[in-house]
Protein chains: 2
Amino acid sequence: MSLKQFMPSIEWLGKYGKREVKGDLSAGLTVGVMLIPQGMAYAMIAGLPPIYGLYASTVPLIIYALLGTSRQLAVGPVAMVSLLTAAGIGSMAEGGSETYIQLAILLALFVGLIQFALGVFRLGFLVNFLSHPVISGFTSAASLIIGLSQLKHLLGVDLDRSHHIHEILIQAFNNIGQTNLATLGIGLAGIILIISAKKINRSIPGPLLAVLFGVLAVWGLDLASSGVKIVGSVPKGLPSFTLPSIQLDTLQALLPVALAISLVSFMESIAVAKAIQAKHKDYKVVPNQELLALGLANVGGALFQSYPVTGGFSRTAVNDQAGAKTGMASIISALLIVLTLLFLTPLFYFLPNAILASVIMVAVFGLIDYKEAIHLWKANRGDFWMLVVTFIATLGLGIEQGIAIGVVLSLAMIIYRTTKPHIAELGRVPHTDLYRNVDRFQEVIDREDLLIIRFDAQLYFANVNYFKENIEERMTNKGDKLKTIIIASESINNLDSSAVHALEDIVQNIHDQGRQVYFSSVKGPVRDAMKKGHLFEKIGEKNFFMSIQDAVNYFDNKEEEGNDKVEYVMQTNK
Amino acid sequence: MSLKQFMPSIEWLGKYGKREVKGDLSAGLTVGVMLIPQGMAYAMIAGLPPIYGLYASTVPLIIYALLGTSRQLAVGPVAMVSLLTAAGIGSMAEGGSETYIQLAILLALFVGLIQFALGVFRLGFLVNFLSHPVISGFTSAASLIIGLSQLKHLLGVDLDRSHHIHEILIQAFNNIGQTNLATLGIGLAGIILIISAKKINRSIPGPLLAVLFGVLAVWGLDLASSGVKIVGSVPKGLPSFTLPSIQLDTLQALLPVALAISLVSFMESIAVAKAIQAKHKDYKVVPNQELLALGLANVGGALFQSYPVTGGFSRTAVNDQAGAKTGMASIISALLIVLTLLFLTPLFYFLPNAILASVIMVAVFGLIDYKEAIHLWKANRGDFWMLVVTFIATLGLGIEQGIAIGVVLSLAMIIYRTTKPHIAELGRVPHTDLYRNVDRFQEVIDREDLLIIRFDAQLYFANVNYFKENIEERMTNKGDKLKTIIIASESINNLDSSAVHALEDIVQNIHDQGRQVYFSSVKGPVRDAMKKGHLFEKIGEKNFFMSIQDAVNYFDNKEEEGNDKVEYVMQTNK
C-alpha cells in the first residue's frame, strides 16, 4: 500500500490553488457554523453534555480529511449514530454522568477499531450490496425525516423529538397556532435567500449569507426579545488528550452496539459519499480506505474526548452545495470549531436556529429523488417497489431498519429471481446457424423431433427442481415425435453439487424414455464441475457439442444413416 | 384444487392390496411400538406428563396419513419440536401444570394454523433453499446425535439428556463401569437381529422380531429383576375432544415460538420426506401439500389434547426400513396407540428399552452419509465445506441452528459467487464462427483491435462495480491499438436498474476514449430491460448484433471502407 493510497489527501494537497480555496472556505465556514448548534443538539440526543458534540467536531474531521477518499464528506456527530449511542449505553450508566461520558468515549474507540479492522481485512465490498433503488429510497426518506425534524425551528414552536414523520406532522399541526411569526419570517427568508443565491450563481455562499443575515437581523431588530430562538452562549475550552480506560467486561457489553454503529455508520457514510461522488469526476470513493479513515477518525477522536462520528447526511449535502472542493473544507470547519471553543463564541450568540433549519431543509429536500422513482416505475417495476419499500420502511420503522430491510429484500429478490429463471425453447433462424426463442421470434423453425432448451441462470440447489419440472413439462407438450433434447448451456454459468445430482436424474429420465440428450456450448467452469462430478462419463462425451448447430447436424446425420457410425466428438476440451 | 390433490391418500387407497398390507402392518406395528416409549419420553422433554406424548400419537397420524404426500413419513412427537416447546412456554407457566398443558395444546393449534396458511399461500418453495450438501450434513449430524442419545438405553446406565455429542461420549465413558451386561446383551442382540434380518431378506420385519425377542427374553429369563429397564405400565384412556381456550395476548406471546416451530418442523419433516422419497419412484413429495397436511394434523391434534408434532427423523427411517408402503402404516401405528391406550398396555410391559434403542440406532446410523462427503471433496470443494460446516454446526450448536446456518451460508455463497462472476475474453476458433475463452483454448485468434468480453452472470447491483473495473483493466491491458469492445451478452441473464445505470457509465467511458462498443446476442429479458431503461437509444440500435461474428463482420467492413455507410441492423427485435 503506497502512502498516497493511505493518505489520499496528498493528491489534492499537491495541486491546491485558488479555485479550491474559494469553495472550501465558504463550505468549511458554513458547515462549521452548522456544526456548532448541530453538534450540541446531537450530543444531547446521545445523552451527553452539549460541549461533547463540539469536541467530536474537531480531531475526527481533520483525520478524515487527510485519510478519507471523499472530498465532500462532512464527518462529525450525526443524529442516527447519536441515537444508537444513547440506546446502547443508556442502560449501563445514568445519562450525562461521568461514567456515561467515559462509556461514550470508549464506544468511539471501539467503533474505530472495528472499522479499522474491517478496512484492513478488505470487507468494504459489503457496500456493493447497497443497490441503486435501496440507496435512493433510503436517501429520500432520511432527507424527509431530517428536513421535517427542523420544522420546529422554522416555526419557532416546541415539538417533541421524533423520527416518525406522522408524529412530526401531527405535532406541528396541533401547535401551528403557537407559531412565532418572526422566527418563521427569518426562516423563510433564509430559505428564499439560499435558493435564490443558488439560482443566480452556484458559487455564491448562500448559507453563509443567510447566517450573516440572520445574525444581523436578530441583533439589529432585537428579535431575541420577541421570542426568536438563538444559539446563545457556548461553553469554552479545547478537548484534552485522555487515554480511555478499558475494561474487558465493559468491552464485552459494548460489543453489540459497537458492531451496529460500525456497520450502520459506514453504510450511511459510504452511501452519502458515493451519492456526492457521482457528481464529481475528479476522484473515486474507495470503500476499504473509507473504513480505515473513519476508523482512525473515531480512534483519534476518542483520544480527544469525542463520541462516535461518521460521515453525516445533511452537512455533507450542505458542504457540497456550498462548494467544497477538497477535504480542506472539513479542516476549516474543524478549525472554526477550535476557534469557537477558544474565542468566537460571542459571534454566534445571536444566530437564530431558524436560519440553521433553513440551511438544512434546502440541502436535504434537494436530495429527495422522486425522479428516480418515476424512472423506475417505467423501467423496472421490481426495482421501483424496492425503492418504495425502503422509503416506507425508513420513514415508518427507522433509518437503520429501513436500510437493513432494503438490503435484505434486494438480496432476497436476486435469490428469488434465480429460483424461477427465464427458460427459452429455441428454434433455428432460417438461413443461419443461429437459434432463438420460439416465443419471441415467429419466423424461427420449431421442429417436432427436437426440443432445444436454454436455461438462463446458474443451475443450483434452489432452481434444480424448477428446471427438472420445466423440462418434463416441455417434453410432454412436444408429444411422441420428440426424439432428442438439446440443452443449450451457454447461459448456465455455474453448477453446484445439487445441480450435478439433478442433471444425473434428468439425463436418466430422458434415457428411460428412449430419447437422447445432447449438451451444446457448455462453458469452462460448468465443464469442470461436470467432469469432477463424473457427469461427463454418464452423459457420454460424444454428446457434447461446440454449438447448437453441431448438435443438430449430428442428430440429422444419425437419423439419415439410421445408426451410430457418424460421430462428431467435441473438438477441444481443455 | 382437486380432491385427489388435497387428499393424496385416495391414490393408494384405490389400489391397496396384499403387497402393501404386509409392509404396512410390519412397519405400522414397529413404529407404533416405538411410539409408546418415544412419545412418553418426548412429552417429558416438552415438560408435559407422559400421557400427552401418546395423545399426540393418535389423531395427527391419521390426518397426515390421509392428507400428506409422503407415504413413509412418520408424524408424531419428535425430540426437536419437544425441546422448542419447552423452551417457548417454559417461562409462561410451571412445567406440568394445567396452564402449561393448555399452552402446549394452544401452541399446537397455532403452529397448525401457521403451517396451513403457509401452504395456502404456496410458500412451500422455501424448502428449495435446502441444498444437497446442507441436507446431507444436517442429516448425518442429527442421526449421530439421535443414535448416540440411545447409548444410555443400550448400556443400561443413567446419563443426563444432552444433544451435544462430546457430553454424551464423556458421560458414557465415565459411566462405562456401571454398564448392565444383560441390557447391553439384549441391545446388541437386537442390533444383530435387525441387521441380519435385513441382509437375509429386506422384507423380514427385523425390528418387530427384535421386539418379540426382547419381550420374550425379559419375560422368560426374568431379566427385569437383574436391572434390565423395561417400558412398564402406561396410563389408560383416550384423549378427549376439547376446544383450546384462545386469548389474544397469549397468542401474541406464543407467536415467536409458534413461528420457529412451524418453520423448523416443516424443514425437518420435508427434508426427511424428500430423503426417503428419493428411494421410492411411486409418488412425489409436494411441499405446499405437506404444509397443509402437517398444519391440519397439528390443528386436528390440538382439538384432541395433542402438543406440536411433525414428521420425525428416526421413526420415519424405521417406518421405511420396516417396509412401509403407504400412509396405512401410520394409521396402523395410531390404531396401535389407541388400542394401547384402551387395552394393550400389559403386552408392552416387558419390552426392554434396549431393544427400542437398537431399532433407532440401526435406523439412524444408516443415514450417516459419509460417502457424499467423500464425493464432494473430489467434485465440489465449496459444497464439501458447506456440508462440513452444517454437520459441525448441527453437532455443536444444535439441530435448528445447524440447518439455519447451512441455509444462510449456502445462500450467502450463491450471492457471493455472483459478485465476482467468471469473465471470459473471447477469440475466434479458426475456420468457424465460434468464439471461445482465450485462456482455455490456445488456438483461438485474439485480435489487438478488438476486445470481446463475455460476462457470465446476471448483471446487478452487487457485481456492476466488478464488471466496470474488469472492463477498464482489460481495455488498459489491450493497449492503444484497441478500437472496439464487443460485449458478448449471451450469458447475461438479467439486468437490474443499477446495472442499467452502470452500463450507461461504461458505454460513456468507452465513447470518451474514442472507441466503439457493440453488444452481441443480447437475450430477450435483457433487451426488454435495456429498452425500458432507454439504454437502446444511448447505445444506438445499430450497435446490437445477433452474434459475435455479425458484430466482427460489421467492424471489419467499417474498417475497410473507412466510413459508416455499411449498417447491419439487428434483424429481428420483438
# chains A, B, ... in the order shown; residues from 1 in each chain; ligands from 1
>>> residues_around(residues="A:Leu106", least_positions_apart="4", cutoff="10 Å", atoms="only C-alpha atoms", output="PyMOL selection string")
chain A and resi 100-102+110-112+243-247+250-251+254+258+299+302-303+305-308
>>> closest_atom_pairs(of="chain B", to="chain A", cutoff="6 Å", atoms="only C-alpha atoms", output="tab-separated table")
residue	atom	partner	partner_atom	distance
B:Asn128	CA	A:Ala462	CA	4.8
B:Phe129	CA	A:Ala462	CA	5.1
B:Ser131	CA	A:Phe461	CA	4.9
B:His132	CA	A:Ser498	CA	5.1
B:Ala379	CA	A:Lys532	CA	4.4
B:Asp456	CA	A:Asn493	CA	5.5
B:Phe461	CA	A:Ser131	CA	5.0
B:Ala462	CA	A:Asn128	CA	4.9
B:Ser491	CA	A:Ser491	CA	4.4
B:Asn493	CA	A:Asp456	CA	5.5
B:Ser498	CA	A:His132	CA	5.2
B:Lys532	CA	A:Ala379	CA	4.4
B:Gly533	CA	A:Ala379	CA	4.9
>>> select_by_dssp(residues="stretch 345-542 of chain A", states="alpha helix (DSSP H)", output="count of residues only")
106
>>> residues_around(residues="A:Tyr518", least_positions_apart="5", cutoff="12 Å", atoms="only C-alpha atoms", output="MDAnalysis selection string")
chainID A and resid 450:453 483:489 506:507 510:511 536 539:555 568:570
>>> residues_around(residues="A:Leu154", least_positions_apart="2", cutoff="9 Å", atoms="only C-alpha atoms", output="list in words")
Gln150, Leu151, Lys152, Gly156, Val157, Thr179, Asn180, Thr183, Leu184, Gly185, Ile186, Gly187, Leu188, Asn353, Ala354, Ile355, Leu356, Ala357 and Ser358 of chain A
>>> write_last_selection(atoms="N, CA and C atoms", output="PDB file, in the first residue's frame")
ATOM      1  N   GLN A 150     -36.653  19.707  11.332  1.00  0.00           N
ATOM      2  CA  GLN A 150     -36.277  21.110  11.507  1.00  0.00           C
ATOM      3  C   GLN A 150     -37.489  22.031  11.542  1.00  0.00           C
ATOM      4  N   LEU A 151     -38.677  21.423  11.332  1.00  0.00           N
ATOM      5  CA  LEU A 151     -39.898  22.218  11.271  1.00  0.00           C
ATOM      6  C   LEU A 151     -40.091  23.057  12.536  1.00  0.00           C
ATOM      7  N   LYS A 152     -39.755  22.469  13.683  1.00  0.00           N
ATOM      8  CA  LYS A 152     -39.963  23.184  14.945  1.00  0.00           C
ATOM      9  C   LYS A 152     -39.100  24.445  15.027  1.00  0.00           C
ATOM     10  N   GLY A 156     -40.645  27.951  15.167  1.00  0.00           N
ATOM     11  CA  GLY A 156     -40.398  28.505  16.492  1.00  0.00           C
ATOM     12  C   GLY A 156     -41.318  27.933  17.545  1.00  0.00           C
ATOM     13  N   VAL A 157     -41.763  26.665  17.375  1.00  0.00           N
ATOM     14  CA  VAL A 157     -42.614  26.038  18.394  1.00  0.00           C
ATOM     15  C   VAL A 157     -41.855  24.874  19.027  1.00  0.00           C
ATOM     16  N   THR A 179     -47.115  29.330  16.414  1.00  0.00           N
ATOM     17  CA  THR A 179     -46.007  29.726  15.545  1.00  0.00           C
ATOM     18  C   THR A 179     -45.506  31.122  15.900  1.00  0.00           C
ATOM     19  N   ASN A 180     -44.175  31.244  16.020  1.00  0.00           N
ATOM     20  CA  ASN A 180     -43.578  32.562  16.232  1.00  0.00           C
ATOM     21  C   ASN A 180     -43.319  33.172  14.860  1.00  0.00           C
ATOM     22  N   THR A 183     -39.812  34.248  13.888  1.00  0.00           N
ATOM     23  CA  THR A 183     -38.963  33.081  13.597  1.00  0.00           C
ATOM     24  C   THR A 183     -39.249  32.533  12.207  1.00  0.00           C
ATOM     25  N   LEU A 184     -40.552  32.324  11.942  1.00  0.00           N
ATOM     26  CA  LEU A 184     -40.943  31.780  10.645  1.00  0.00           C
ATOM     27  C   LEU A 184     -40.469  32.696   9.519  1.00  0.00           C
ATOM     28  N   GLY A 185     -40.619  34.028   9.761  1.00  0.00           N
ATOM     29  CA  GLY A 185     -40.193  35.004   8.750  1.00  0.00           C
ATOM     30  C   GLY A 185     -38.711  34.875   8.456  1.00  0.00           C
ATOM     31  N   ILE A 186     -37.894  34.799   9.506  1.00  0.00           N
ATOM     32  CA  ILE A 186     -36.441  34.683   9.320  1.00  0.00           C
ATOM     33  C   ILE A 186     -36.096  33.384   8.606  1.00  0.00           C
ATOM     34  N   GLY A 187     -36.763  32.308   9.015  1.00  0.00           N
ATOM     35  CA  GLY A 187     -36.516  31.004   8.402  1.00  0.00           C
ATOM     36  C   GLY A 187     -36.841  31.013   6.920  1.00  0.00           C
ATOM     37  N   LEU A 188     -38.046  31.525   6.587  1.00  0.00           N
ATOM     38  CA  LEU A 188     -38.453  31.554   5.180  1.00  0.00           C
ATOM     39  C   LEU A 188     -37.514  32.466   4.377  1.00  0.00           C
ATOM     40  N   ASN A 353     -31.816  29.832  15.360  1.00  0.00           N
ATOM     41  CA  ASN A 353     -31.924  28.417  14.957  1.00  0.00           C
ATOM     42  C   ASN A 353     -32.664  28.272  13.636  1.00  0.00           C
ATOM     43  N   ALA A 354     -33.624  29.186  13.384  1.00  0.00           N
ATOM     44  CA  ALA A 354     -34.438  29.079  12.169  1.00  0.00           C
ATOM     45  C   ALA A 354     -33.577  29.168  10.912  1.00  0.00           C
ATOM     46  N   ILE A 355     -32.475  29.936  10.976  1.00  0.00           N
ATOM     47  CA  ILE A 355     -31.580  30.041   9.809  1.00  0.00           C
ATOM     48  C   ILE A 355     -30.881  28.699   9.568  1.00  0.00           C
ATOM     49  N   LEU A 356     -30.416  28.075  10.657  1.00  0.00           N
ATOM     50  CA  LEU A 356     -29.783  26.761  10.500  1.00  0.00           C
ATOM     51  C   LEU A 356     -30.784  25.751   9.954  1.00  0.00           C
ATOM     52  N   ALA A 357     -32.035  25.848  10.437  1.00  0.00           N
ATOM     53  CA  ALA A 357     -33.079  24.957   9.923  1.00  0.00           C
ATOM     54  C   ALA A 357     -33.258  25.171   8.429  1.00  0.00           C
ATOM     55  N   SER A 358     -33.223  26.435   7.992  1.00  0.00           N
ATOM     56  CA  SER A 358     -33.433  26.701   6.572  1.00  0.00           C
ATOM     57  C   SER A 358     -32.283  26.121   5.748  1.00  0.00           C
TER      58      SER A 358
END
>>> atom_distance(atom1="atom CA of B:Asp505", atom2="atom CA of A:Phe138")
22.7 Å
>>> residues_around(residues="B:Ile146", least_positions_apart="4", cutoff="9 Å", atoms="only C-alpha atoms", output="list of chain:residue names")
B:Ala79, B:Ala141, B:Ala142, B:Gln150, B:His163, B:Phe313, B:Ser314, B:Ile360, B:Met361, B:Val364
>>> residues_around(residues="B:Gln277", least_positions_apart="4", cutoff="12 Å", atoms="only C-alpha atoms", output="ChimeraX atom specification")
/B:69-73,269-273,281-286,316-317,320,324-326
